[in-house]
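Raw contents of model-v4.tsv, TSV, C-alpha atoms:
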chain	number	residue	atom	x	y	z
A	1	THR	CA	0.00	0.00	0.00
A	2	LEU	CA	1.23	3.48	-0.86
A	3	THR	CA	2.21	5.36	2.25
A	4	SER	CA	3.60	8.55	0.76
A	5	GLU	CA	1.51	11.68	1.26
A	6	SER	CA	1.83	15.44	0.69
A	7	ILE	CA	0.47	18.72	1.97
A	8	GLU	CA	0.13	21.01	-1.06
A	9	TYR	CA	-1.34	24.14	0.57
A	10	PRO	CA	0.78	26.63	2.56
A	11	PHE	CA	0.66	26.89	6.35
A	12	TYR	CA	2.29	29.33	8.78
A	13	ILE	CA	4.12	28.56	12.05
A	14	ASN	CA	4.93	31.26	14.65
A	15	THR	CA	3.39	33.87	12.33
A	16	THR	CA	0.45	34.87	10.12
A	17	GLU	CA	0.16	35.62	6.40
A	18	GLU	CA	-0.10	39.37	7.12
A	19	GLU	CA	2.91	39.38	9.45
A	20	PHE	CA	4.97	37.40	6.95
A	21	ALA	CA	4.09	39.85	4.14
A	22	SER	CA	6.55	42.47	5.37
A	23	ALA	CA	9.48	40.02	5.24
A	24	ARG	CA	8.41	39.10	1.72
A	25	ALA	CA	8.15	42.77	0.72
A	26	GLN	CA	11.75	43.22	1.82
A	27	ARG	CA	12.76	40.20	-0.26
A	28	HIS	CA	10.90	41.59	-3.33
A	29	GLU	CA	12.71	44.89	-3.02
A	30	ILE	CA	16.09	43.14	-2.85
A	31	THR	CA	15.24	40.99	-5.88
A	32	LEU	CA	14.06	44.01	-7.86
A	33	LYS	CA	17.16	45.99	-6.91
A	34	VAL	CA	19.27	43.15	-8.38
A	35	LEU	CA	17.06	43.14	-11.47
A	36	ARG	CA	17.50	46.88	-11.95
A	37	LYS	CA	21.28	46.58	-11.56
A	38	GLU	CA	21.21	43.78	-14.15
A	39	ILE	CA	19.24	45.85	-16.63
A	40	ASN	CA	21.48	48.90	-16.16
A	41	ARG	CA	24.53	46.70	-16.62
A	42	LEU	CA	23.18	45.46	-19.96
A	43	GLU	CA	22.58	48.96	-21.30
B	1	THR	CA	32.85	12.05	14.00
B	2	LEU	CA	30.88	14.34	11.71
B	3	THR	CA	29.88	12.53	8.55
B	4	SER	CA	27.68	15.16	6.90
B	5	GLU	CA	29.14	16.82	3.79
B	6	SER	CA	27.99	19.18	1.03
B	7	ILE	CA	28.79	20.10	-2.55
B	8	GLU	CA	28.30	23.86	-2.82
B	9	TYR	CA	29.28	24.44	-6.49
B	10	PRO	CA	26.92	23.65	-9.40
B	11	PHE	CA	27.41	20.66	-11.71
B	12	TYR	CA	25.58	19.57	-14.86
B	13	ILE	CA	24.33	16.09	-15.82
B	14	ASN	CA	23.27	15.17	-19.39
B	15	THR	CA	23.98	18.78	-20.45
B	16	THR	CA	26.39	21.74	-20.39
B	17	GLU	CA	26.11	25.26	-19.03
B	18	GLU	CA	25.67	26.66	-22.55
B	19	GLU	CA	23.02	24.13	-23.50
B	20	PHE	CA	21.12	24.75	-20.25
B	21	ALA	CA	21.16	28.53	-20.84
B	22	SER	CA	18.36	28.37	-23.43
B	23	ALA	CA	16.01	26.61	-20.99
B	24	ARG	CA	16.84	29.27	-18.41
B	25	ALA	CA	16.23	32.06	-20.93
B	26	GLN	CA	12.77	30.65	-21.51
B	27	ARG	CA	12.19	30.60	-17.74
B	28	HIS	CA	13.35	34.23	-17.41
B	29	GLU	CA	10.95	35.34	-20.13
B	30	ILE	CA	8.04	33.59	-18.40
B	31	THR	CA	8.97	35.16	-15.03
B	32	LEU	CA	9.29	38.62	-16.57
B	33	LYS	CA	5.98	38.22	-18.40
B	34	VAL	CA	4.35	37.54	-15.02
B	35	LEU	CA	6.17	40.54	-13.55
B	36	ARG	CA	4.94	42.81	-16.34
B	37	LYS	CA	1.36	41.59	-15.89
B	38	GLU	CA	1.70	42.26	-12.14
B	39	ILE	CA	2.93	45.81	-12.70
B	40	ASN	CA	0.18	46.56	-15.24
B	41	ARG	CA	-2.40	45.15	-12.84
B	42	LEU	CA	-1.23	47.54	-10.14
B	43	GLU	CA	-1.50	50.63	-12.32
C	1	MET	CA	2.96	12.25	19.03
C	2	SER	CA	0.83	9.16	18.48
C	3	THR	CA	1.98	6.65	15.86
C	4	SER	CA	-1.25	6.68	13.85
C	5	THR	CA	-0.50	5.02	10.54
C	6	ASN	CA	-1.05	8.31	8.73
C	7	VAL	CA	2.40	9.65	7.88
C	8	LYS	CA	1.03	13.09	7.05
C	9	GLU	CA	-0.44	13.59	10.53
C	10	ILE	CA	2.72	12.55	12.31
C	11	GLY	CA	4.89	14.68	10.02
C	12	TYR	CA	2.68	17.75	10.31
C	13	ALA	CA	2.52	17.46	14.13
C	14	PHE	CA	6.31	17.15	14.21
C	15	LEU	CA	6.92	20.26	12.07
C	16	LYS	CA	4.62	22.34	14.29
C	17	THR	CA	6.29	21.07	17.47
C	18	TYR	CA	9.78	21.60	16.03
C	19	TYR	CA	9.35	25.24	14.94
C	20	GLN	CA	7.09	26.26	17.83
C	21	ARG	CA	9.64	24.97	20.32
C	22	MET	CA	12.25	27.21	18.61
C	23	ARG	CA	10.12	30.20	19.51
C	24	ASN	CA	8.91	29.01	22.89
C	25	ASP	CA	11.94	27.32	24.39
C	26	PRO	CA	15.17	26.95	22.38
C	27	SER	CA	16.83	25.28	25.37
C	28	LYS	CA	14.48	22.28	24.94
C	29	ILE	CA	14.80	21.68	21.16
C	30	HIS	CA	17.64	19.18	21.56
C	31	HIS	CA	15.22	16.80	23.29
C	32	LEU	CA	13.66	16.21	19.85
C	33	TYR	CA	16.91	14.77	18.53
C	34	SER	CA	18.47	11.30	18.92
C	35	ALA	CA	21.78	11.05	20.77
C	36	THR	CA	23.84	10.87	17.57
C	37	ALA	CA	21.64	13.04	15.33
C	38	GLU	CA	23.22	15.03	12.50
C	39	LEU	CA	22.10	18.64	11.92
C	40	THR	CA	22.80	21.06	9.08
C	41	HIS	CA	21.20	24.37	10.02
C	42	VAL	CA	21.41	28.18	9.82
C	43	ASP	CA	24.81	29.68	10.62
C	44	TYR	CA	23.40	32.15	13.18
C	45	GLN	CA	26.78	33.85	13.48
C	46	VAL	CA	26.15	35.76	10.24
C	47	ASP	CA	23.93	38.84	10.08
C	48	LEU	CA	20.44	37.66	9.05
C	49	ILE	CA	19.45	41.20	8.07
C	50	SER	CA	21.24	41.50	4.74
C	51	ASP	CA	20.72	41.76	0.98
C	52	LYS	CA	22.21	38.34	0.37
C	53	PRO	CA	19.99	36.01	-1.70
C	54	SER	CA	20.49	33.13	0.78
C	55	LEU	CA	22.16	32.16	4.07
C	56	PRO	CA	25.12	29.82	4.87
C	57	THR	CA	24.63	26.73	7.05
C	58	ILE	CA	26.79	24.88	9.59
C	59	LYS	CA	27.04	21.17	10.41
C	60	LEU	CA	26.72	19.58	13.85
C	61	ILE	CA	26.55	16.07	15.27
C	62	GLY	CA	25.25	14.85	18.62
C	63	LYS	CA	22.60	16.03	21.06
C	64	ASP	CA	24.99	18.07	23.24
C	65	ASN	CA	26.43	20.06	20.37
C	66	ILE	CA	22.89	20.61	19.08
C	67	ASN	CA	21.85	21.88	22.50
C	68	LYS	CA	24.81	24.25	22.73
C	69	TYR	CA	24.04	25.58	19.26
C	70	TYR	CA	20.36	26.40	19.94
C	71	THR	CA	20.99	27.86	23.38
C	72	ARG	CA	23.94	29.99	22.26
C	73	HIS	CA	21.81	31.57	19.52
C	74	SER	CA	18.50	31.49	21.37
C	75	LYS	CA	17.90	35.26	21.00
C	76	LYS	CA	17.74	34.89	17.19
C	77	VAL	CA	16.25	31.38	17.23
C	78	THR	CA	13.17	32.50	19.15
C	79	THR	CA	12.21	35.04	16.47
C	80	VAL	CA	11.99	32.46	13.64
C	81	LYS	CA	8.81	32.60	11.53
C	82	VAL	CA	8.06	29.95	8.92
C	83	LYS	CA	5.76	29.63	5.93
C	84	VAL	CA	5.69	26.04	4.65
C	85	ASP	CA	4.52	25.98	1.02
C	86	SER	CA	4.51	22.21	0.54
C	87	CYS	CA	5.49	19.06	2.39
C	88	ASP	CA	6.10	15.49	1.26
C	89	PHE	CA	6.15	12.47	3.59
C	90	GLN	CA	7.23	8.83	3.12
C	91	PHE	CA	7.75	5.95	5.55
C	92	THR	CA	11.30	4.62	5.43
C	93	GLY	CA	13.95	2.61	7.25
C	94	SER	CA	13.94	-0.95	8.53
C	95	ASN	CA	10.37	-2.29	8.66
C	96	ASN	CA	9.20	1.07	7.40
C	97	VAL	CA	8.62	2.74	10.76
C	98	SER	CA	10.85	5.77	10.24
C	99	ILE	CA	9.57	8.85	8.41
C	100	LEU	CA	11.20	10.96	5.68
C	101	ILE	CA	9.96	14.56	5.39
C	102	LEU	CA	10.75	17.10	2.63
C	103	ALA	CA	9.46	20.62	3.41
C	104	VAL	CA	9.75	23.64	1.08
C	105	GLY	CA	8.93	27.20	2.12
C	106	GLU	CA	10.16	30.54	3.36
C	107	MET	CA	11.63	31.56	6.69
C	108	CYS	CA	12.38	34.89	8.38
C	109	TRP	CA	13.47	36.29	11.72
C	110	SER	CA	12.72	39.65	13.30
C	111	GLN	CA	13.42	42.52	10.84
C	112	THR	CA	14.90	40.18	8.21
C	113	PRO	CA	13.75	39.57	4.63
C	114	SER	CA	12.19	36.16	3.89
C	115	TYR	CA	14.60	33.40	2.83
C	116	ARG	CA	13.52	30.48	0.69
C	117	PHE	CA	14.49	27.08	2.03
C	118	CYS	CA	13.98	23.35	1.72
C	119	GLN	CA	14.51	21.02	4.65
C	120	THR	CA	14.61	17.25	4.98
C	121	PHE	CA	14.18	15.24	8.19
C	122	ILE	CA	14.29	11.60	9.18
C	123	LEU	CA	12.25	10.70	12.26
C	124	THR	CA	12.82	7.35	13.95
C	125	PRO	CA	10.73	5.81	16.76
C	126	ALA	CA	12.57	6.23	20.07
C	127	THR	CA	14.00	2.90	21.32
C	128	ASN	CA	12.31	3.22	24.71
C	129	ASN	CA	8.94	4.43	23.40
C	130	PRO	CA	7.87	3.80	19.77
C	131	GLU	CA	5.04	6.31	20.28
C	132	ILE	CA	7.66	9.05	20.25
C	133	TYR	CA	9.92	9.96	17.33
C	134	ASP	CA	13.53	11.16	17.51
C	135	VAL	CA	15.05	13.30	14.76
C	136	THR	CA	18.11	11.40	13.51
C	137	ASN	CA	18.75	13.68	10.46
C	138	ASP	CA	17.91	17.32	9.83
C	139	ILE	CA	19.24	19.12	6.72
C	140	LEU	CA	18.26	22.74	5.97
C	141	ARG	CA	19.29	24.25	2.64
C	142	PHE	CA	18.54	27.83	1.59
C	143	ILE	CA	17.51	28.41	-2.01
C	144	PRO	CA	18.85	31.66	-3.48
C	145	GLU	CA	16.13	33.84	-4.98
C	146	VAL	CA	16.48	33.52	-8.72
C	147	THR	CA	18.85	36.31	-9.78
C	148	LEU	CA	17.53	36.98	-13.21
C	149	THR	CA	21.07	37.06	-14.55
C	150	LEU	CA	20.21	38.36	-17.96
C	151	HIS	CA	23.22	37.62	-20.07
C	152	GLU	CA	23.80	39.41	-23.33
C	153	THR	CA	24.27	35.92	-24.70
C	154	GLU	CA	20.65	35.02	-24.15
C	155	PRO	CA	19.48	34.82	-27.79
C	156	ASN	CA	16.35	36.86	-28.25
C	157	PHE	CA	16.27	38.49	-24.83
C	158	ASP	CA	15.89	42.28	-24.60
C	159	PRO	CA	15.33	43.12	-20.91
C	160	LYS	CA	13.96	46.63	-21.45
C	161	ALA	CA	11.41	45.43	-23.98
C	162	ALA	CA	10.38	42.58	-21.73
C	163	LEU	CA	9.51	45.09	-19.02
D	1	MET	CA	29.64	2.17	-6.38
D	2	SER	CA	32.31	1.43	-3.79
D	3	THR	CA	31.44	2.04	-0.15
D	4	SER	CA	34.34	4.35	0.66
D	5	THR	CA	33.50	6.04	3.92
D	6	ASN	CA	33.17	9.39	2.19
D	7	VAL	CA	29.44	10.08	1.94
D	8	LYS	CA	29.95	12.84	-0.63
D	9	GLU	CA	31.70	10.53	-3.11
D	10	ILE	CA	29.02	7.86	-2.85
D	11	GLY	CA	26.23	10.42	-3.13
D	12	TYR	CA	27.78	12.23	-6.08
D	13	ALA	CA	28.42	8.94	-7.95
D	14	PHE	CA	24.80	7.93	-7.30
D	15	LEU	CA	23.33	11.19	-8.64
D	16	LYS	CA	25.39	10.91	-11.84
D	17	THR	CA	24.38	7.25	-12.34
D	18	TYR	CA	20.72	8.01	-11.60
D	19	TYR	CA	20.27	10.90	-14.07
D	20	GLN	CA	22.57	9.49	-16.76
D	21	ARG	CA	20.63	6.23	-16.76
D	22	MET	CA	17.44	8.27	-17.38
D	23	ARG	CA	19.01	9.54	-20.58
D	24	ASN	CA	20.81	6.35	-21.59
D	25	ASP	CA	18.37	3.61	-20.66
D	26	PRO	CA	15.08	4.41	-18.89
D	27	SER	CA	14.15	0.73	-18.97
D	28	LYS	CA	17.01	0.01	-16.49
D	29	ILE	CA	16.38	2.76	-13.90
D	30	HIS	CA	14.20	0.57	-11.72
D	31	HIS	CA	17.23	-1.63	-10.98
D	32	LEU	CA	18.49	1.24	-8.78
D	33	TYR	CA	15.47	0.91	-6.48
D	34	SER	CA	14.71	-1.53	-3.66
D	35	ALA	CA	11.76	-3.89	-4.09
D	36	THR	CA	9.43	-1.73	-1.95
D	37	ALA	CA	10.88	1.71	-2.78
D	38	GLU	CA	8.62	4.75	-2.71
D	39	LEU	CA	8.90	7.34	-5.49
D	40	THR	CA	7.41	10.81	-5.88
D	41	HIS	CA	8.37	12.09	-9.32
D	42	VAL	CA	7.37	14.19	-12.34
D	43	ASP	CA	3.84	13.61	-13.65
D	44	TYR	CA	5.00	13.06	-17.26
D	45	GLN	CA	1.39	13.01	-18.43
D	46	VAL	CA	1.24	16.81	-18.32
D	47	ASP	CA	2.75	19.01	-21.03
D	48	LEU	CA	6.27	19.96	-19.88
D	49	ILE	CA	6.39	22.82	-22.38
D	50	SER	CA	4.23	25.37	-20.58
D	51	ASP	CA	4.26	28.72	-18.82
D	52	LYS	CA	3.43	27.15	-15.47
D	53	PRO	CA	5.84	28.10	-12.67
D	54	SER	CA	6.22	24.44	-11.59
D	55	LEU	CA	5.15	20.87	-12.40
D	56	PRO	CA	2.88	18.39	-10.57
D	57	THR	CA	4.22	15.08	-9.25
D	58	ILE	CA	2.78	11.56	-8.87
D	59	LYS	CA	3.38	8.89	-6.22
D	60	LEU	CA	4.41	5.28	-6.82
D	61	ILE	CA	5.46	2.31	-4.72
D	62	GLY	CA	7.36	-0.84	-5.67
D	63	LYS	CA	9.97	-1.70	-8.29
D	64	ASP	CA	7.47	-2.93	-10.91
D	65	ASN	CA	5.35	0.21	-10.81
D	66	ILE	CA	8.52	2.28	-10.96
D	67	ASN	CA	9.68	0.31	-14.01
D	68	LYS	CA	6.30	0.75	-15.76
D	69	TYR	CA	6.40	4.48	-15.06
D	70	TYR	CA	9.89	5.08	-16.52
D	71	THR	CA	9.37	2.87	-19.55
D	72	ARG	CA	5.91	4.29	-20.36
D	73	HIS	CA	7.36	7.82	-20.41
D	74	SER	CA	10.80	6.92	-21.74
D	75	LYS	CA	10.56	9.32	-24.71
D	76	LYS	CA	10.37	12.32	-22.35
D	77	VAL	CA	12.55	10.78	-19.64
D	78	THR	CA	15.54	10.39	-21.95
D	79	THR	CA	15.64	14.14	-22.71
D	80	VAL	CA	16.07	15.18	-19.05
D	81	LYS	CA	18.89	17.68	-18.36
D	82	VAL	CA	19.86	18.60	-14.82
D	83	LYS	CA	21.84	21.39	-13.17
D	84	VAL	CA	22.49	20.59	-9.50
D	85	ASP	CA	23.23	23.83	-7.60
D	86	SER	CA	23.97	22.25	-4.21
D	87	CYS	CA	23.90	18.89	-2.51
D	88	ASP	CA	23.89	17.85	1.14
D	89	PHE	CA	24.73	14.33	2.38
D	90	GLN	CA	24.39	12.60	5.76
D	91	PHE	CA	24.76	9.00	6.89
D	92	THR	CA	21.55	7.67	8.47
D	93	GLY	CA	19.59	4.57	9.42
D	94	SER	CA	20.49	1.65	11.65
D	95	ASN	CA	24.26	1.60	12.32
D	96	ASN	CA	24.57	4.62	10.09
D	97	VAL	CA	25.15	2.82	6.80
D	98	SER	CA	22.30	4.38	4.82
D	99	ILE	CA	22.71	7.76	3.13
D	100	LEU	CA	20.38	10.79	3.05
D	101	ILE	CA	20.81	13.15	0.09
D	102	LEU	CA	19.20	16.59	-0.43
D	103	ALA	CA	19.82	18.04	-3.91
D	104	VAL	CA	18.65	21.47	-5.10
D	105	GLY	CA	18.84	22.64	-8.72
D	106	GLU	CA	17.09	23.09	-12.03
D	107	MET	CA	15.83	20.56	-14.53
D	108	CYS	CA	14.59	20.73	-18.13
D	109	TRP	CA	13.62	18.48	-20.98
D	110	SER	CA	13.83	19.04	-24.72
D	111	GLN	CA	12.28	22.44	-25.69
D	112	THR	CA	11.03	23.12	-22.14
D	113	PRO	CA	11.88	26.01	-19.80
D	114	SER	CA	14.02	25.15	-16.74
D	115	TYR	CA	12.12	24.10	-13.60
D	116	ARG	CA	13.54	24.58	-10.13
D	117	PHE	CA	13.44	21.49	-7.94
D	118	CYS	CA	14.66	19.92	-4.74
D	119	GLN	CA	14.96	16.17	-4.36
D	120	THR	CA	15.70	13.93	-1.39
D	121	PHE	CA	16.87	10.30	-1.55
D	122	ILE	CA	17.62	7.58	0.95
D	123	LEU	CA	20.16	4.98	-0.22
D	124	THR	CA	20.48	1.71	1.71
D	125	PRO	CA	23.14	-0.98	1.20
D	126	ALA	CA	21.65	-3.91	-0.74
D	127	THR	CA	21.09	-6.95	1.48
D	128	ASN	CA	23.07	-9.25	-0.83
D	129	ASN	CA	25.95	-6.82	-1.48
D	130	PRO	CA	26.72	-3.92	0.90
D	131	GLU	CA	28.98	-2.45	-1.79
D	132	ILE	CA	25.87	-1.58	-3.75
D	133	TYR	CA	23.14	0.85	-2.64
D	134	ASP	CA	19.41	0.60	-3.33
D	135	VAL	CA	17.18	3.67	-3.42
D	136	THR	CA	14.45	3.10	-0.82
D	137	ASN	CA	13.01	6.66	-0.97
D	138	ASP	CA	13.01	9.23	-3.74
D	139	ILE	CA	11.00	12.49	-3.39
D	140	LEU	CA	11.12	15.19	-6.08
D	141	ARG	CA	9.43	18.53	-5.38
D	142	PHE	CA	9.30	21.43	-7.85
D	143	ILE	CA	9.78	24.92	-6.48
D	144	PRO	CA	7.65	27.56	-8.23
D	145	GLU	CA	9.67	30.49	-9.51
D	146	VAL	CA	8.94	33.36	-7.16
D	147	THR	CA	5.98	35.21	-8.62
D	148	LEU	CA	6.73	38.68	-7.43
D	149	THR	CA	3.11	39.09	-6.38
D	150	LEU	CA	3.32	42.79	-5.67
D	151	HIS	CA	0.32	43.48	-3.54
D	152	GLU	CA	-1.00	46.97	-3.11
D	153	THR	CA	-0.92	46.09	0.55
D	154	GLU	CA	2.85	45.95	0.61
D	155	PRO	CA	3.59	49.05	2.69
D	156	ASN	CA	6.17	51.14	0.93
D	157	PHE	CA	6.36	49.26	-2.31
D	158	ASP	CA	5.98	51.16	-5.62
D	159	PRO	CA	6.76	48.70	-8.45
D	160	LYS	CA	7.31	51.33	-11.16
D	161	ALA	CA	9.76	53.28	-9.01
D	162	ALA	CA	11.61	50.11	-8.05
D	163	LEU	CA	12.29	49.45	-11.72
Mind turning this structure into structure tokens?
Amino acid sequence: TLTSESIEYPFYINTTEEEFASARAQRHEITLKVLRKEINRLE
Amino acid sequence: TLTSESIEYPFYINTTEEEFASARAQRHEITLKVLRKEINRLE
Amino acid sequence: MSTSTNVKEIGYAFLKTYYQRMRNDPSKIHHLYSATAELTHVDYQVDLISDKPSLPTIKLIGKDNINKYYTRHSKKVTTVKVKVDSCDFQFTGSNNVSILILAVGEMCWSQTPSYRFCQTFILTPATNNPEIYDVTNDILRFIPEVTLTLHETEPNFDPKAAL
Amino acid sequence: MSTSTNVKEIGYAFLKTYYQRMRNDPSKIHHLYSATAELTHVDYQVDLISDKPSLPTIKLIGKDNINKYYTRHSKKVTTVKVKVDSCDFQFTGSNNVSILILAVGEMCWSQTPSYRFCQTFILTPATNNPEIYDVTNDILRFIPEVTLTLHETEPNFDPKAAL
């Protein structure tokens, strides 16, 4: 019998979606800063 | 004694860096298409 | 944790216990591990508030070293926040009573950006009480955010136009 | 594969053998697995050439099912190309002779975009020949490319300015 299983939906531990959003916003800004540097480098 | 080890540098199997670049270019275009849609949605 | 046959329930309960104990009582986390457990985890000596796309890890072996590690860094450890995006579970080991877990998600600490990670565990029933699982292996690996390294060489790729 | 004590050598040799055999002879991959191995792998029934950020997986158990799976999809399986970005290895299991591997990287097939993945394996010495390892567990999980879902709610985030 197959015993492997998965959880495919996200869940939060020690935090909430709202609280986590600010850490993600920081990450987005860092990623976009790298992207901008990349684009400027290519011009 | 510590037995855990890591390989921290990338290596390729069944392909080369050059050959893999075209698959990555496709991925970049898809990601940027999503990014563009996101930005337009926010305007 | 009860050994109901459902690997997902046991694995989910473990993940909650594991990360919640980091916040609630870092000095007790080592009790989750077996005596000779191996751990690859965050190198808390680096600054977690940084622009780096991912974080380095360190390697430890044995319950005492694991205890020293969590207690020495308890100030940072207690602020850990985790979003698990997906989780896979399989029974493993001799007569299939151990459990393999592969979790993928994002993690942050107070004032830090989120860091993408994947983490794999092996849980094995404790010798004295099969109802309880010990962590014998714990490997955390951070996944650098994709740096859209747009090379000139990419054939038909014009970044400005794409944006 | 020789059982030198160095877990990295054994693990690296395994990964090469595993993915090269997918390209060279999908009908022989199942020989790498133990009789009751569990596999979570690509759902080859979906179209791999797509804009989706990641791919679904399917679950199998047992060497025969694993053989049917690889041979049925051999046309796609043989075109797999892999870039492994990092790999972690630990000994595990009873008297520490099994091996836990966590690989993170990108994968593609012919004409498809690259897909980010992490994969965990457990290798256990074969009963008849401890020099040879059987795969008892194999879990592949795709990691969706970060969709920079820029919410209006993100406090001080102005996408246009950022670019």
* chain C contacts on chain B, only C-alpha atoms, 8 Å, as a PyMOL selection string -> chain B and resi 1-2+4+21-22+25+28-29+32-33+35-36
Could you list, with a cut-off of 9 Å and counting only C-alpha atoms, the residues of chain D near chain C, each shown with its nearest atom pair and the distance in Å rounded to one decimal, rows sorted by chain and ascending number, as a Markdown table?
| residue | atom | partner | partner_atom | distance |
| --- | --- | --- | --- | --- |
| D:Ala37 | CA | C:Thr92 | CA | 8.7 |
| D:Glu38 | CA | C:Gln90 | CA | 7.3 |
| D:Leu39 | CA | C:Gln90 | CA | 8.9 |
| D:Thr40 | CA | C:Asp88 | CA | 8.6 |
| D:Ser86 | CA | C:Arg141 | CA | 8.5 |
| D:Cys87 | CA | C:Arg141 | CA | 8.7 |
| D:Asp88 | CA | C:Ile139 | CA | 7.4 |
| D:Phe89 | CA | C:Ile139 | CA | 8.5 |
| D:Gln90 | CA | C:Glu38 | CA | 7.3 |
| D:Phe91 | CA | C:Glu38 | CA | 8.4 |
| D:Thr92 | CA | C:Asn137 | CA | 6.9 |
| D:Gly93 | CA | C:Gly93 | CA | 6.4 |
| D:Ser94 | CA | C:Ser94 | CA | 7.7 |
| D:Ser98 | CA | C:Gly93 | CA | 8.9 |
| D:Leu100 | CA | C:Asn137 | CA | 8.1 |
| D:Ile101 | CA | C:Thr120 | CA | 8.9 |
| D:Leu102 | CA | C:Thr120 | CA | 7.1 |
| D:Val104 | CA | C:Ile143 | CA | 7.7 |
| D:Gly105 | CA | C:Ile143 | CA | 8.9 |
| D:Cys118 | CA | C:Cys118 | CA | 7.3 |
| D:Gln119 | CA | C:Leu102 | CA | 8.2 |
| D:Thr120 | CA | C:Leu102 | CA | 7.1 |
| D:Ile122 | CA | C:Thr92 | CA | 8.3 |
| D:Thr124 | CA | C:Gly93 | CA | 8.6 |
| D:Thr136 | CA | C:Thr92 | CA | 7.2 |
| D:Asn137 | CA | C:Thr92 | CA | 6.9 |
| D:Asp138 | CA | C:Gln90 | CA | 9.0 |
| D:Ile139 | CA | C:Asp88 | CA | 7.4 |
| D:Leu140 | CA | C:Asp88 | CA | 8.9 |
| D:Arg141 | CA | C:Asp88 | CA | 8.0 |
| D:Ile143 | CA | C:Val104 | CA | 7.7 |
| D:Glu145 | CA | C:Val146 | CA | 7.5 |
| D:Val146 | CA | C:Glu145 | CA | 7.5 |
| D:Leu163 | CA | C:Leu163 | CA | 8.9 |
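Between atom CA of Thr112 of chain C and atom CA of Asp25 of chain C the interatomic distance comes to 20.9 Å.
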* Asked: How many Å separate atom CA of Ser50 of chain C from atom CA of Val82 of chain C?
  -> 18.0 Å
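In this model, the gap between atom CA of Pro53 of chain D and atom CA of Tyr115 of chain D comes to 7.5 Å.
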* Asked: Within 9 Å of segment 15-18 of chain A, counting only C-alpha atoms, which residues qualify if same-chain residues fewer than 6 places away don't, as a PyMOL selection string?
  -> chain C and resi 80-83
* Extract, using all atoms listed in the file, all DNA, RNA and protein residues at most 12 Å from Ile29 of chain C, discarding same-chain residues fewer than 3 positions from it, and format them as a ChimeraX atom specification. => /C:14,17-26,32-34,63-71,74,77-78,134-135
Using all C-alpha atoms paired in order, least-squares fit chain A onto chain B and give me the moved copy as a CSV table (one decimal) with C-alpha atoms, in the frame of the given file.
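For reference, out.csv as written:
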chain,number,residue,atom,x,y,z
A,1,THR,CA,32.9,12.1,14.0
A,2,LEU,CA,30.9,14.3,11.7
A,3,THR,CA,29.9,12.5,8.6
A,4,SER,CA,27.7,15.2,6.9
A,5,GLU,CA,29.1,16.8,3.8
A,6,SER,CA,28.0,19.2,1.0
A,7,ILE,CA,28.8,20.1,-2.6
A,8,GLU,CA,28.3,23.9,-2.8
A,9,TYR,CA,29.3,24.4,-6.5
A,10,PRO,CA,26.9,23.6,-9.4
A,11,PHE,CA,27.4,20.7,-11.7
A,12,TYR,CA,25.6,19.6,-14.9
A,13,ILE,CA,24.3,16.1,-15.8
A,14,ASN,CA,23.3,15.2,-19.4
A,15,THR,CA,24.0,18.8,-20.5
A,16,THR,CA,26.4,21.7,-20.4
A,17,GLU,CA,26.1,25.3,-19.0
A,18,GLU,CA,25.7,26.7,-22.6
A,19,GLU,CA,23.0,24.1,-23.5
A,20,PHE,CA,21.1,24.8,-20.3
A,21,ALA,CA,21.2,28.5,-20.8
A,22,SER,CA,18.4,28.4,-23.4
A,23,ALA,CA,16.0,26.6,-21.0
A,24,ARG,CA,16.9,29.3,-18.4
A,25,ALA,CA,16.2,32.1,-20.9
A,26,GLN,CA,12.8,30.7,-21.5
A,27,ARG,CA,12.2,30.6,-17.7
A,28,HIS,CA,13.4,34.3,-17.4
A,29,GLU,CA,11.0,35.3,-20.1
A,30,ILE,CA,8.1,33.6,-18.4
A,31,THR,CA,9.0,35.2,-15.0
A,32,LEU,CA,9.3,38.6,-16.6
A,33,LYS,CA,6.0,38.2,-18.4
A,34,VAL,CA,4.3,37.5,-15.0
A,35,LEU,CA,6.2,40.6,-13.6
A,36,ARG,CA,4.9,42.8,-16.3
A,37,LYS,CA,1.3,41.6,-15.9
A,38,GLU,CA,1.7,42.3,-12.1
A,39,ILE,CA,2.9,45.8,-12.7
A,40,ASN,CA,0.2,46.5,-15.3
A,41,ARG,CA,-2.4,45.2,-12.8
A,42,LEU,CA,-1.2,47.6,-10.1
A,43,GLU,CA,-1.5,50.6,-12.4
* To do: Choose the residue, out of A:Ala23, A:Arg41, A:Pro10, A:Thr31, that has the smallest atom-to-atom separation from chain B; count only C-alpha atoms.
  => A:Thr31
